[in-house]
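A.B. asks: Okay, so here is coords05.cif, and as you'll see once you scroll down, it has mmCIF, N, CA and C atoms.
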```cif
data_my_file
#
loop_
_atom_site.label_atom_id
_atom_site.label_comp_id
_atom_site.auth_asym_id
_atom_site.auth_seq_id
_atom_site.Cartn_x
_atom_site.Cartn_y
_atom_site.Cartn_z
N VAL N 18 1.68 -9.02 6.27
CA VAL N 18 2.07 -8.56 4.94
C VAL N 18 0.86 -8.69 4.03
N ILE N 19 0.54 -7.59 3.36
CA ILE N 19 -0.51 -7.58 2.36
C ILE N 19 0.16 -7.19 1.05
N SER N 20 0.51 -8.18 0.28
CA SER N 20 1.29 -7.96 -0.93
C SER N 20 0.44 -8.19 -2.17
N HIS N 21 0.25 -7.12 -2.93
CA HIS N 21 -0.48 -7.18 -4.20
C HIS N 21 -1.90 -7.74 -4.03
N VAL N 22 -2.60 -7.20 -3.02
CA VAL N 22 -3.98 -7.59 -2.76
C VAL N 22 -4.92 -6.40 -2.91
N LEU N 23 -4.57 -5.26 -2.31
CA LEU N 23 -5.49 -4.12 -2.26
C LEU N 23 -5.94 -3.65 -3.64
N GLU N 24 -5.06 -3.74 -4.63
CA GLU N 24 -5.42 -3.26 -5.97
C GLU N 24 -6.49 -4.12 -6.64
N HIS N 25 -6.79 -5.28 -6.06
CA HIS N 25 -7.82 -6.17 -6.59
C HIS N 25 -9.20 -5.91 -5.97
N LEU N 26 -9.28 -4.95 -5.06
CA LEU N 26 -10.51 -4.70 -4.32
C LEU N 26 -11.18 -3.39 -4.73
N GLU N 27 -12.50 -3.37 -4.59
CA GLU N 27 -13.22 -2.11 -4.65
C GLU N 27 -13.16 -1.52 -3.24
N ASP N 28 -13.03 -0.23 -3.12
CA ASP N 28 -12.88 0.47 -1.84
C ASP N 28 -11.75 -0.13 -1.00
N PRO N 29 -10.54 -0.20 -1.57
CA PRO N 29 -9.44 -0.81 -0.82
C PRO N 29 -9.07 -0.05 0.45
N VAL N 30 -9.21 1.26 0.45
CA VAL N 30 -8.85 2.03 1.64
C VAL N 30 -9.80 1.71 2.79
N GLY N 31 -11.07 1.64 2.51
CA GLY N 31 -12.05 1.29 3.54
C GLY N 31 -11.83 -0.10 4.11
N LYS N 32 -11.55 -1.04 3.23
CA LYS N 32 -11.30 -2.41 3.68
C LYS N 32 -10.00 -2.51 4.46
N PHE N 33 -9.00 -1.75 4.04
CA PHE N 33 -7.72 -1.76 4.75
C PHE N 33 -7.87 -1.16 6.15
N ARG N 34 -8.66 -0.11 6.28
CA ARG N 34 -8.91 0.48 7.61
C ARG N 34 -9.53 -0.55 8.56
N LYS N 35 -10.47 -1.33 8.04
CA LYS N 35 -11.08 -2.38 8.87
C LYS N 35 -10.04 -3.42 9.27
N LEU N 36 -9.17 -3.74 8.34
CA LEU N 36 -8.11 -4.70 8.64
C LEU N 36 -7.18 -4.17 9.72
N LEU N 37 -6.79 -2.89 9.63
CA LEU N 37 -5.93 -2.30 10.66
C LEU N 37 -6.61 -2.34 12.03
N ALA N 38 -7.89 -2.04 12.06
CA ALA N 38 -8.62 -2.09 13.33
C ALA N 38 -8.59 -3.51 13.90
N GLY N 39 -8.76 -4.50 13.05
CA GLY N 39 -8.70 -5.89 13.49
C GLY N 39 -7.31 -6.28 13.97
N CYS N 40 -6.29 -5.73 13.32
CA CYS N 40 -4.91 -6.01 13.74
C CYS N 40 -4.67 -5.50 15.15
N GLU N 41 -5.13 -4.30 15.42
CA GLU N 41 -4.93 -3.72 16.75
C GLU N 41 -5.61 -4.59 17.81
N GLU N 42 -6.82 -5.04 17.53
CA GLU N 42 -7.56 -5.88 18.48
C GLU N 42 -6.82 -7.19 18.77
N ARG N 43 -6.06 -7.67 17.79
CA ARG N 43 -5.37 -8.96 17.92
C ARG N 43 -3.90 -8.82 18.32
N GLY N 44 -3.46 -7.60 18.60
CA GLY N 44 -2.09 -7.39 19.06
C GLY N 44 -1.05 -7.36 17.95
N ILE N 45 -1.49 -7.26 16.70
CA ILE N 45 -0.55 -7.16 15.59
C ILE N 45 -0.08 -5.71 15.53
N THR N 46 1.21 -5.49 15.58
CA THR N 46 1.74 -4.13 15.71
C THR N 46 2.37 -3.58 14.43
N THR N 47 2.60 -4.42 13.43
CA THR N 47 3.23 -3.97 12.19
C THR N 47 2.51 -4.59 11.00
N VAL N 48 2.19 -3.75 10.01
CA VAL N 48 1.55 -4.22 8.79
C VAL N 48 2.30 -3.63 7.61
N LEU N 49 2.72 -4.47 6.69
CA LEU N 49 3.40 -4.04 5.48
C LEU N 49 2.45 -4.20 4.30
N VAL N 50 2.26 -3.11 3.56
CA VAL N 50 1.41 -3.12 2.37
C VAL N 50 2.30 -2.94 1.15
N ILE N 51 2.09 -3.77 0.13
CA ILE N 51 2.84 -3.67 -1.11
C ILE N 51 1.84 -3.62 -2.26
N VAL N 52 1.96 -2.58 -3.09
CA VAL N 52 1.10 -2.42 -4.27
C VAL N 52 1.97 -2.11 -5.48
N PRO N 53 1.50 -2.47 -6.67
CA PRO N 53 2.31 -2.22 -7.86
C PRO N 53 2.34 -0.75 -8.25
N GLY N 54 3.39 -0.39 -8.99
CA GLY N 54 3.45 0.93 -9.60
C GLY N 54 2.51 0.99 -10.80
N VAL N 55 2.53 2.10 -11.50
CA VAL N 55 1.62 2.34 -12.62
C VAL N 55 1.71 1.25 -13.68
N LYS N 56 2.91 0.94 -14.14
CA LYS N 56 3.07 -0.05 -15.21
C LYS N 56 2.69 -1.44 -14.73
N GLY N 57 3.06 -1.80 -13.52
CA GLY N 57 2.68 -3.09 -12.98
C GLY N 57 1.18 -3.23 -12.83
N TYR N 58 0.53 -2.15 -12.41
CA TYR N 58 -0.93 -2.15 -12.28
C TYR N 58 -1.58 -2.41 -13.64
N ALA N 59 -1.05 -1.80 -14.67
CA ALA N 59 -1.64 -1.91 -16.02
C ALA N 59 -1.48 -3.30 -16.63
N THR N 60 -0.61 -4.13 -16.09
CA THR N 60 -0.35 -5.43 -16.70
C THR N 60 -1.36 -6.51 -16.30
N ASP N 61 -2.21 -6.24 -15.33
CA ASP N 61 -3.13 -7.27 -14.84
C ASP N 61 -4.58 -6.81 -14.98
N PRO N 62 -5.35 -7.46 -15.81
CA PRO N 62 -6.75 -7.03 -16.02
C PRO N 62 -7.64 -7.24 -14.79
N THR N 63 -7.17 -7.99 -13.79
CA THR N 63 -7.98 -8.18 -12.58
C THR N 63 -7.80 -7.05 -11.57
N HIS N 64 -6.90 -6.12 -11.84
CA HIS N 64 -6.73 -4.97 -10.95
C HIS N 64 -7.94 -4.05 -11.09
N LEU N 65 -8.49 -3.63 -9.97
CA LEU N 65 -9.68 -2.77 -9.96
C LEU N 65 -9.40 -1.34 -9.55
N THR N 66 -8.44 -1.15 -8.64
CA THR N 66 -8.21 0.18 -8.06
C THR N 66 -6.71 0.43 -7.97
N PHE N 67 -6.26 1.51 -8.62
CA PHE N 67 -4.85 1.88 -8.53
C PHE N 67 -4.63 2.66 -7.24
N LEU N 68 -3.58 2.30 -6.51
CA LEU N 68 -3.21 2.99 -5.27
C LEU N 68 -1.79 3.49 -5.39
N ASP N 69 -1.58 4.73 -5.00
CA ASP N 69 -0.23 5.27 -4.96
C ASP N 69 0.03 5.83 -3.57
N ARG N 70 1.15 6.52 -3.44
CA ARG N 70 1.55 7.04 -2.13
C ARG N 70 0.48 7.97 -1.54
N SER N 71 -0.13 8.80 -2.38
CA SER N 71 -1.14 9.73 -1.86
C SER N 71 -2.35 8.99 -1.30
N ASP N 72 -2.69 7.85 -1.88
CA ASP N 72 -3.83 7.07 -1.37
C ASP N 72 -3.51 6.44 -0.03
N LEU N 73 -2.34 5.81 0.08
CA LEU N 73 -1.99 5.11 1.32
C LEU N 73 -1.54 6.06 2.43
N HIS N 74 -1.16 7.29 2.07
CA HIS N 74 -0.75 8.28 3.07
C HIS N 74 -1.91 9.18 3.50
N ALA N 75 -3.07 9.02 2.90
CA ALA N 75 -4.21 9.87 3.25
C ALA N 75 -4.57 9.66 4.73
N PRO N 76 -4.87 10.74 5.43
CA PRO N 76 -5.17 10.63 6.87
C PRO N 76 -6.28 9.65 7.20
N GLU N 77 -7.27 9.51 6.32
CA GLU N 77 -8.39 8.61 6.61
C GLU N 77 -7.99 7.14 6.63
N VAL N 78 -6.83 6.81 6.08
CA VAL N 78 -6.37 5.42 6.08
C VAL N 78 -6.14 4.93 7.51
N VAL N 79 -5.51 5.74 8.33
CA VAL N 79 -5.17 5.31 9.69
C VAL N 79 -6.07 5.93 10.76
N HIS N 80 -6.91 6.86 10.38
CA HIS N 80 -7.73 7.57 11.36
C HIS N 80 -8.56 6.58 12.21
N GLY N 81 -8.37 6.67 13.50
CA GLY N 81 -9.12 5.84 14.43
C GLY N 81 -8.61 4.42 14.58
N THR N 82 -7.48 4.09 13.96
CA THR N 82 -6.98 2.71 14.03
C THR N 82 -5.86 2.53 15.04
N GLY N 83 -5.19 3.60 15.42
CA GLY N 83 -4.03 3.48 16.30
C GLY N 83 -2.73 3.27 15.56
N PHE N 84 -2.80 3.15 14.23
CA PHE N 84 -1.60 2.93 13.43
C PHE N 84 -1.10 4.25 12.83
N ARG N 85 0.18 4.26 12.48
CA ARG N 85 0.79 5.38 11.77
C ARG N 85 1.75 4.81 10.73
N ILE N 86 2.12 5.62 9.76
CA ILE N 86 3.10 5.19 8.76
C ILE N 86 4.49 5.31 9.36
N ASP N 87 5.22 4.23 9.28
CA ASP N 87 6.59 4.19 9.80
C ASP N 87 7.60 4.34 8.67
N ARG N 88 7.28 3.80 7.51
CA ARG N 88 8.20 3.84 6.38
C ARG N 88 7.41 3.71 5.08
N SER N 89 7.89 4.39 4.05
CA SER N 89 7.23 4.34 2.75
C SER N 89 8.28 4.52 1.67
N GLU N 90 8.34 3.54 0.76
CA GLU N 90 9.34 3.63 -0.31
C GLU N 90 8.91 2.78 -1.50
N TYR N 91 9.40 3.17 -2.65
CA TYR N 91 9.24 2.35 -3.84
C TYR N 91 10.44 1.41 -3.92
N PHE N 92 10.22 0.20 -4.47
CA PHE N 92 11.27 -0.81 -4.56
C PHE N 92 11.19 -1.50 -5.91
N PRO N 93 12.29 -1.76 -6.60
CA PRO N 93 13.67 -1.62 -6.16
C PRO N 93 14.24 -0.21 -6.30
N VAL N 94 13.57 0.67 -7.03
CA VAL N 94 14.04 2.04 -7.17
C VAL N 94 13.05 2.95 -6.46
N ASP N 95 13.51 3.71 -5.48
CA ASP N 95 12.61 4.55 -4.69
C ASP N 95 12.21 5.79 -5.49
N SER N 96 11.37 5.52 -6.50
CA SER N 96 10.91 6.58 -7.39
C SER N 96 9.54 6.21 -7.95
N GLU N 97 8.55 7.04 -7.71
CA GLU N 97 7.24 6.80 -8.29
C GLU N 97 7.32 6.88 -9.82
N TRP N 98 8.12 7.79 -10.31
CA TRP N 98 8.30 7.98 -11.75
C TRP N 98 8.80 6.70 -12.42
N PHE N 99 9.74 6.01 -11.79
CA PHE N 99 10.32 4.78 -12.36
C PHE N 99 9.24 3.72 -12.57
N GLY N 100 8.24 3.68 -11.72
CA GLY N 100 7.15 2.72 -11.83
C GLY N 100 6.27 2.92 -13.04
N LYS N 101 6.39 4.06 -13.69
CA LYS N 101 5.63 4.29 -14.93
C LYS N 101 6.23 3.53 -16.10
N TYR N 102 7.48 3.12 -15.96
CA TYR N 102 8.21 2.48 -17.06
C TYR N 102 8.68 1.07 -16.74
N PHE N 103 8.82 0.72 -15.48
CA PHE N 103 9.34 -0.59 -15.07
C PHE N 103 8.23 -1.36 -14.38
N THR N 104 7.85 -2.49 -14.92
CA THR N 104 6.71 -3.26 -14.43
C THR N 104 6.83 -3.67 -12.97
N HIS N 105 8.02 -3.98 -12.52
CA HIS N 105 8.17 -4.56 -11.19
C HIS N 105 8.60 -3.57 -10.11
N ASN N 106 8.40 -2.28 -10.34
CA ASN N 106 8.63 -1.30 -9.27
C ASN N 106 7.35 -1.22 -8.45
N GLU N 107 7.46 -1.36 -7.15
CA GLU N 107 6.28 -1.41 -6.30
C GLU N 107 6.43 -0.48 -5.10
N LEU N 108 5.30 -0.07 -4.56
CA LEU N 108 5.28 0.77 -3.37
C LEU N 108 5.14 -0.11 -2.14
N ARG N 109 5.99 0.15 -1.15
CA ARG N 109 5.93 -0.56 0.13
C ARG N 109 5.71 0.47 1.24
N VAL N 110 4.64 0.27 1.99
CA VAL N 110 4.34 1.17 3.09
C VAL N 110 4.18 0.33 4.36
N ARG N 111 4.96 0.69 5.38
CA ARG N 111 4.90 -0.04 6.65
C ARG N 111 4.14 0.80 7.67
N PHE N 112 3.12 0.20 8.22
CA PHE N 112 2.30 0.82 9.25
C PHE N 112 2.64 0.17 10.59
N VAL N 113 2.80 0.99 11.63
CA VAL N 113 3.07 0.45 12.96
C VAL N 113 2.06 1.02 13.95
N LEU N 114 1.77 0.22 14.95
CA LEU N 114 0.85 0.66 15.99
C LEU N 114 1.55 1.74 16.81
N ALA N 115 0.93 2.89 16.93
CA ALA N 115 1.51 4.00 17.68
C ALA N 115 1.59 3.63 19.16
N PRO N 116 2.70 4.01 19.79
CA PRO N 116 2.86 3.67 21.21
C PRO N 116 1.88 4.43 22.09
#
```
If you took the structure in this file and wrote it as structure tokens, what would it be?

C.D. replies:
Amino acid sequence: VISHVLEHLEDPVGKFRKLLAGCEERGITTVLVIVPGVKGYATDPTHLTFLDRSDLHAPEVVHGTGFRIDRSEYFPVDSEWFGKYFTHNELRVRFVLAP
């Protein structure tokens, strides 16, 4: 589980790809990523990079890692729009190692 970490990094997609590659080498088959929605992102001055569904669903995220997206949803309301107004709406994306 990587919960509310990627938004604190520069080049989070590149670093996450390296992490997925390391997971595969170690036999980890499922990775859950959680990032804040727009309003939640704006509440923390230590956030460096905003990530949304288009960022985490980009083909280069999983390219060459053996992982694929298994599930993707906003929580508690599955709406990207809701995250613009509610601080605690977050995106959850589950990556699984492809068989």

A.B. asks: Would you translate the PyMOL selection byres (((chain N and resi 45 and name CA) around 12) and name CA) into the concrete set of residues it matches in this file, as a list of chain:residue names?

C.D. replies: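 Going through the file, the PyMOL selection byres (((chain N and resi 45 and name CA) around 12) and name CA) ends up selecting N:Val18, N:Leu36, N:Leu37, N:Ala38, N:Gly39, N:Cys40, N:Glu41, N:Glu42, N:Arg43, N:Gly44, N:Thr46, N:Thr47, N:Val48, N:Leu49, N:Thr82, N:Gly83, N:Phe84, N:Phe112, N:Val113, N:Leu114, N:Ala115.
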
A.B. asks: What are the DSSP helix (DSSP H, G or I) residues of chain N, as a PyMOL selection string?

C.D. replies: chain N and resi 23-25+29-42+55-59+70-73+76-79+98-101

A.B. asks: Go ahead and write the selection's residues with N, CA and C atoms as a compact mmCIF listing (two decimals), in the frame of the given file.

C.D. replies:
```
# COMPACT_ATOMS: atom_id res chain seq x y z
N LEU N 23 -4.57 -5.26 -2.31
CA LEU N 23 -5.49 -4.12 -2.26
C LEU N 23 -5.94 -3.65 -3.64
N GLU N 24 -5.06 -3.74 -4.63
CA GLU N 24 -5.42 -3.26 -5.97
C GLU N 24 -6.49 -4.12 -6.64
N HIS N 25 -6.79 -5.28 -6.06
CA HIS N 25 -7.82 -6.17 -6.59
C HIS N 25 -9.20 -5.91 -5.97
N PRO N 29 -10.54 -0.20 -1.57
CA PRO N 29 -9.44 -0.81 -0.82
C PRO N 29 -9.07 -0.05 0.45
N VAL N 30 -9.21 1.26 0.45
CA VAL N 30 -8.85 2.03 1.64
C VAL N 30 -9.80 1.71 2.79
N GLY N 31 -11.07 1.64 2.51
CA GLY N 31 -12.05 1.29 3.54
C GLY N 31 -11.83 -0.10 4.11
N LYS N 32 -11.55 -1.04 3.23
CA LYS N 32 -11.30 -2.41 3.68
C LYS N 32 -10.00 -2.51 4.46
N PHE N 33 -9.00 -1.75 4.04
CA PHE N 33 -7.72 -1.76 4.75
C PHE N 33 -7.87 -1.16 6.15
N ARG N 34 -8.66 -0.11 6.28
CA ARG N 34 -8.91 0.48 7.61
C ARG N 34 -9.53 -0.55 8.56
N LYS N 35 -10.47 -1.33 8.04
CA LYS N 35 -11.08 -2.38 8.87
C LYS N 35 -10.04 -3.42 9.27
N LEU N 36 -9.17 -3.74 8.34
CA LEU N 36 -8.11 -4.70 8.64
C LEU N 36 -7.18 -4.17 9.72
N LEU N 37 -6.79 -2.89 9.63
CA LEU N 37 -5.93 -2.30 10.66
C LEU N 37 -6.61 -2.34 12.03
N ALA N 38 -7.89 -2.04 12.06
CA ALA N 38 -8.62 -2.09 13.33
C ALA N 38 -8.59 -3.51 13.90
N GLY N 39 -8.76 -4.50 13.05
CA GLY N 39 -8.70 -5.89 13.49
C GLY N 39 -7.31 -6.28 13.97
N CYS N 40 -6.29 -5.73 13.32
CA CYS N 40 -4.91 -6.01 13.74
C CYS N 40 -4.67 -5.50 15.15
N GLU N 41 -5.13 -4.30 15.42
CA GLU N 41 -4.93 -3.72 16.75
C GLU N 41 -5.61 -4.59 17.81
N GLU N 42 -6.82 -5.04 17.53
CA GLU N 42 -7.56 -5.88 18.48
C GLU N 42 -6.82 -7.19 18.77
N VAL N 55 2.53 2.10 -11.50
CA VAL N 55 1.62 2.34 -12.62
C VAL N 55 1.71 1.25 -13.68
N LYS N 56 2.91 0.94 -14.14
CA LYS N 56 3.07 -0.05 -15.21
C LYS N 56 2.69 -1.44 -14.73
N GLY N 57 3.06 -1.80 -13.52
CA GLY N 57 2.68 -3.09 -12.98
C GLY N 57 1.18 -3.23 -12.83
N TYR N 58 0.53 -2.15 -12.41
CA TYR N 58 -0.93 -2.15 -12.28
C TYR N 58 -1.58 -2.41 -13.64
N ALA N 59 -1.05 -1.80 -14.67
CA ALA N 59 -1.64 -1.91 -16.02
C ALA N 59 -1.48 -3.30 -16.63
N ARG N 70 1.15 6.52 -3.44
CA ARG N 70 1.55 7.04 -2.13
C ARG N 70 0.48 7.97 -1.54
N SER N 71 -0.13 8.80 -2.38
CA SER N 71 -1.14 9.73 -1.86
C SER N 71 -2.35 8.99 -1.30
N ASP N 72 -2.69 7.85 -1.88
CA ASP N 72 -3.83 7.07 -1.37
C ASP N 72 -3.51 6.44 -0.03
N LEU N 73 -2.34 5.81 0.08
CA LEU N 73 -1.99 5.11 1.32
C LEU N 73 -1.54 6.06 2.43
N PRO N 76 -4.87 10.74 5.43
CA PRO N 76 -5.17 10.63 6.87
C PRO N 76 -6.28 9.65 7.20
N GLU N 77 -7.27 9.51 6.32
CA GLU N 77 -8.39 8.61 6.61
C GLU N 77 -7.99 7.14 6.63
N VAL N 78 -6.83 6.81 6.08
CA VAL N 78 -6.37 5.42 6.08
C VAL N 78 -6.14 4.93 7.51
N VAL N 79 -5.51 5.74 8.33
CA VAL N 79 -5.17 5.31 9.69
C VAL N 79 -6.07 5.93 10.76
N TRP N 98 8.12 7.79 -10.31
CA TRP N 98 8.30 7.98 -11.75
C TRP N 98 8.80 6.70 -12.42
N PHE N 99 9.74 6.01 -11.79
CA PHE N 99 10.32 4.78 -12.36
C PHE N 99 9.24 3.72 -12.57
N GLY N 100 8.24 3.68 -11.72
CA GLY N 100 7.15 2.72 -11.83
C GLY N 100 6.27 2.92 -13.04
N LYS N 101 6.39 4.06 -13.69
CA LYS N 101 5.63 4.29 -14.93
C LYS N 101 6.23 3.53 -16.10
```

A.B. asks: I need the residue set behind the PyMOL selection byres ((chain N and resi 99-103) around 6.5) for this file; please write it as JSON, numbers by chain.

C.D. replies: {"N": [54, 55, 56, 57, 96, 97, 98, 104, 105, 106, 107]}

A.B. asks: Name the closest residue to Asp28 in chain N among the candidates N:Val52, N:Leu73, N:Leu65, N:Val110; distances are taken between atoms, counting only N, CA and C atoms.

C.D. replies: N:Leu65

A.B. asks: Point out the residue among N:Leu23, N:Arg34, N:Pro29, N:Asp61 with the least atom-to-atom distance to Val79 in chain N, counting only N, CA and C atoms.

C.D. replies: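 Ranked by minimum distance to Val79 in chain N, first place goes to N:Arg34.
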
A.B. asks: Could you tell me how far atom N of Pro93 in chain N sits from atom N of Thr63 in chain N, in Å to one decimal place?

C.D. replies: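 Atom N of Pro93 in chain N lies at a distance of 21.7 Å from atom N of Thr63 in chain N.
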